[in-house]
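Trainee: Have a look at this one before I ask anything.
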Amino acid sequence: MEPILPEKVQELINKFADEEIYLHMETTNGAYASHFNEKFFSAGAYIRNAKLTYEHGKIVGDGPFRVGLKLAIGWVYAEGLTHYGFDEEGHLLLAGHDFDGKLAVALEMGKTPFK
Amino acid sequence: MTETMEIEQERHVLVIFPHPDDEAFGVSGTIAVHTERKTPVTYACLTLGEMGRNLGNPPFATRESLPDIRKAELQKAAEAIGIQDLRMMGLRDKTLEFEEDQKMMDLVTDLITELNPSLIISFYPGYSVHPDHEATARAVVRAVRAMAPDKRPKLHCVAFANNTLEEIGEADIRYDIQHVYEKKMNAMKAHISQTIWMLKELESGVASEGSELHDRFNYEHFWTYTFDEKDKVSHIKN
């Protein structure tokens, strides 16, 4: 993956607008966070292969970046995004890696389901 | 501390863990001893660790490429400690506790029926921290508990929750695995995407005898699971 170029990512987001897409989104602090620090409140969320259509999407910020997708009657957004890239099937992958190189957030989309 | 003991000769060892690398940290030395004796060892690894978070910055992998990387690492690690029967069970990381409990139990029962192991190695329910570890441990306990007591294989469990010592005491089994240290190290190195941080620490720390890290690489510990009042795993509700 490469550090996010916002103009480039904006173009890519535009390409998927008004198309039915499959979406992967996760945010996590890792399953061991509360083990290493018992005062840490562990939380995360995960959705894979959600099928949806967004009207428009936008990337905002100076890095780490935020991406929001406006749906007909709702929203999807993620913050803390640092890198972008593609998998073999051409899915757009956006990810936020923390200072230790650990994945903190992912937002991915494409026209075919994720494996 | 419990004194070290000899590893018993087994008929067949069945190792059940949810993630590639679970076998490397705690039990790869013990496995290597069994495989050196030509004892058949089956390792059923339930997921490919798809949700691993160590992707690097700059990243060396993506959420989508990680499973294939970890699969290759798992195969290499299995080879390093002589496992010939590696089974990748196709479940998904972080989802095991949400699967049907009966399906999880049946998966273990089927392996036991097929392989007739004299020893099963897995996690200790209630003291293994990660939700997938706990779900695996419950499935193993339920499957073994359902067997006639005289037919049950021994069940050796790994526990590492912070409250382990306080609540279930010290491990009753402690093996000296220094003679297979190289093999354990190679298993750890095979899982490089997961262990690189620890291996760096190790290089500086392992020499200091008595340190926790030294102990971890030279001895392996298990709690024998007993089906008595200590067994806290619930029965599946229909």
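Ligands are numbered from 1 in the order shown, chains are lettered A, B, ... in the order of the structure tokens, and residues start at 1 in each chain.
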Chain A residues within 7 Å of chain B, counting only C-alpha atoms: which ones, as a PyMOL selection string?
Mentor: chain A and resi 1+31-32+35+87+97+101-103
Trainee: DSSP on the backbone: which residues in stretch 21-203 of chain B end up as alpha helix (DSSP H)? Give the answer as a PyMOL selection string.
Mentor: chain B and resi 22-36+66-80+101-115+131-145+164-168+181-190+192-203
Trainee: Kindly save the residues from that selection, with C-alpha atoms included, as a CSV table (one decimal), in the first residue's frame.
Mentor:
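The file below, selection-v8.csv, is the result:
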chain,number,residue,atom,x,y,z
B,22,ASP,CA,-0.7,-20.1,18.5
B,23,GLU,CA,1.2,-23.4,18.2
B,24,ALA,CA,4.6,-21.6,18.0
B,25,PHE,CA,4.5,-19.6,21.2
B,26,GLY,CA,3.5,-22.1,23.8
B,27,VAL,CA,3.8,-25.6,22.6
B,28,SER,CA,6.1,-25.9,19.5
B,29,GLY,CA,8.9,-27.4,21.7
B,30,THR,CA,6.6,-30.1,23.0
B,31,ILE,CA,5.4,-30.9,19.5
B,32,ALA,CA,8.9,-31.1,18.2
B,33,VAL,CA,9.7,-33.7,20.9
B,34,HIS,CA,6.7,-35.8,19.8
B,35,THR,CA,7.6,-35.6,16.1
B,36,GLU,CA,11.2,-36.5,16.8
B,66,LEU,CA,-2.6,-11.3,4.9
B,67,PRO,CA,-4.5,-14.7,4.9
B,68,ASP,CA,-2.2,-16.1,2.1
B,69,ILE,CA,0.9,-14.8,3.9
B,70,ARG,CA,-0.1,-16.4,7.2
B,71,LYS,CA,-1.1,-19.6,5.5
B,72,ALA,CA,2.4,-19.9,4.0
B,73,GLU,CA,3.9,-19.1,7.4
B,74,LEU,CA,1.8,-21.7,9.1
B,75,GLN,CA,3.0,-24.4,6.6
B,76,LYS,CA,6.6,-23.4,7.2
B,77,ALA,CA,6.2,-23.5,10.9
B,78,ALA,CA,4.6,-26.9,10.8
B,79,GLU,CA,7.5,-28.1,8.7
B,80,ALA,CA,10.0,-26.6,11.2
B,101,ASP,CA,-21.6,-24.0,19.7
B,102,GLN,CA,-22.7,-27.4,18.5
B,103,LYS,CA,-20.9,-27.0,15.2
B,104,MET,CA,-17.7,-26.1,17.0
B,105,MET,CA,-18.0,-29.1,19.3
B,106,ASP,CA,-18.8,-31.5,16.4
B,107,LEU,CA,-15.7,-30.3,14.6
B,108,VAL,CA,-13.6,-31.4,17.5
B,109,THR,CA,-15.6,-34.7,18.0
B,110,ASP,CA,-15.0,-35.6,14.3
B,111,LEU,CA,-11.3,-35.1,14.7
B,112,ILE,CA,-11.2,-37.2,17.8
B,113,THR,CA,-13.3,-40.0,16.2
B,114,GLU,CA,-11.0,-40.0,13.2
B,115,LEU,CA,-7.7,-39.8,14.9
B,131,PRO,CA,-12.3,-14.8,22.3
B,132,ASP,CA,-11.2,-17.3,19.6
B,133,HIS,CA,-9.0,-19.1,22.1
B,134,GLU,CA,-11.9,-19.3,24.5
B,135,ALA,CA,-14.3,-20.5,21.9
B,136,THR,CA,-11.8,-23.2,20.8
B,137,ALA,CA,-11.2,-24.3,24.4
B,138,ARG,CA,-14.9,-24.6,25.1
B,139,ALA,CA,-15.4,-26.7,22.0
B,140,VAL,CA,-12.6,-29.0,23.0
B,141,VAL,CA,-13.7,-29.4,26.5
B,142,ARG,CA,-17.3,-30.2,25.4
B,143,ALA,CA,-16.2,-32.7,22.9
B,144,VAL,CA,-13.9,-34.6,25.3
B,145,ARG,CA,-16.4,-34.3,28.2
B,164,THR,CA,-4.4,-17.6,35.9
B,165,LEU,CA,-2.0,-18.2,38.9
B,166,GLU,CA,-4.4,-16.6,41.3
B,167,GLU,CA,-7.3,-18.7,40.3
B,168,ILE,CA,-6.1,-22.1,39.0
B,181,TYR,CA,15.2,-24.9,21.1
B,182,GLU,CA,16.4,-24.5,17.5
B,183,LYS,CA,13.2,-26.0,16.2
B,184,LYS,CA,11.0,-23.8,18.4
B,185,MET,CA,13.0,-20.8,17.3
B,186,ASN,CA,12.5,-21.8,13.6
B,187,ALA,CA,8.7,-22.1,14.2
B,188,MET,CA,8.7,-18.7,15.7
B,189,LYS,CA,10.7,-17.3,12.8
B,190,ALA,CA,8.4,-18.9,10.3
B,192,ILE,CA,7.7,-13.6,11.0
B,193,SER,CA,4.8,-11.3,10.2
B,194,GLN,CA,3.5,-11.9,13.7
B,195,THR,CA,6.7,-12.4,15.7
B,196,ILE,CA,9.3,-9.9,14.3
B,197,TRP,CA,8.7,-7.5,17.2
B,198,MET,CA,9.1,-10.2,19.8
B,199,LEU,CA,12.1,-11.8,18.1
B,200,LYS,CA,13.9,-8.4,18.2
B,201,GLU,CA,13.3,-8.3,21.9
B,202,LEU,CA,14.4,-11.8,22.3
B,203,GLU,CA,17.8,-11.4,20.7
Trainee: Can you tell me, as number ranges by chain, which residues in stretch 51-149 of chain B count as strand (DSSP E or B) by DSSP?
Mentor: B: 54, 56, 59, 85-88, 119-123
Trainee: Counting only C-alpha atoms, which residue out of B:Ile81, B:Val41, B:Val233, B:Val158 sits closest to B:Phe17?
Mentor: B:Val158
Trainee: Residues at most 12 Å from stretch 10-19 of chain A, counting only C-alpha atoms, excluding those fewer than 5 positions away in the same chain, as a PyMOL selection string?
Mentor: chain A and resi 4-5+51-61+65-72+84-86+90-94+107-112
Trainee: Find the residue from A:Gly44, A:Gly74, A:Pro113, A:Gly80 that sits nearest to A:Asp98; use only C-alpha atoms when measuring.
Mentor: A:Gly80
Trainee: Using atom CA of A:Asn49 and atom CA of A:Thr27 as the two end points, give the distance in Å to one decimal.
Mentor: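 Value for the atom CA of A:Asn49-atom CA of A:Thr27 distance: 15.1 Å.
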Trainee: What's around A:Ile47 at 7 Å? Count only C-alpha atoms, leave out sequence neighbours fewer than 5 positions away in its own chain, and write the answer as a PDB file with N, CA and C atoms, in the first residue's frame.
Mentor:
ATOM      1  N   HIS A  24     -16.144  -3.584   3.017  1.00  0.00           N
ATOM      2  CA  HIS A  24     -15.547  -4.146   4.236  1.00  0.00           C
ATOM      3  C   HIS A  24     -15.127  -2.968   5.111  1.00  0.00           C
ATOM      4  N   MET A  25     -15.508  -3.012   6.356  1.00  0.00           N
ATOM      5  CA  MET A  25     -15.049  -1.966   7.268  1.00  0.00           C
ATOM      6  C   MET A  25     -14.770  -2.576   8.635  1.00  0.00           C
ATOM      7  N   GLU A  26     -13.671  -2.179   9.225  1.00  0.00           N
ATOM      8  CA  GLU A  26     -13.356  -2.661  10.569  1.00  0.00           C
ATOM      9  C   GLU A  26     -12.586  -1.596  11.324  1.00  0.00           C
TER      10      GLU A  26
END
Trainee: For a test of reading the model, state the distance in Å between atom CA of A:Glu20 and atom CA of B:Leu96, rounded to one decimal.
Mentor: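 Separation between atom CA of A:Glu20 and atom CA of B:Leu96: 29.5 Å.
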Trainee: Between atom CA of B:Asn163 and atom CA of B:Arg216, what is the spacing in Å?
Mentor: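 These two atoms are separated by 18.0 Å.
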Trainee: Could you check which of B:Thr224, B:Asn238, B:Ser208, B:Thr39 is closest to B:Gln84, using only C-alpha atoms?
Mentor: B:Thr39
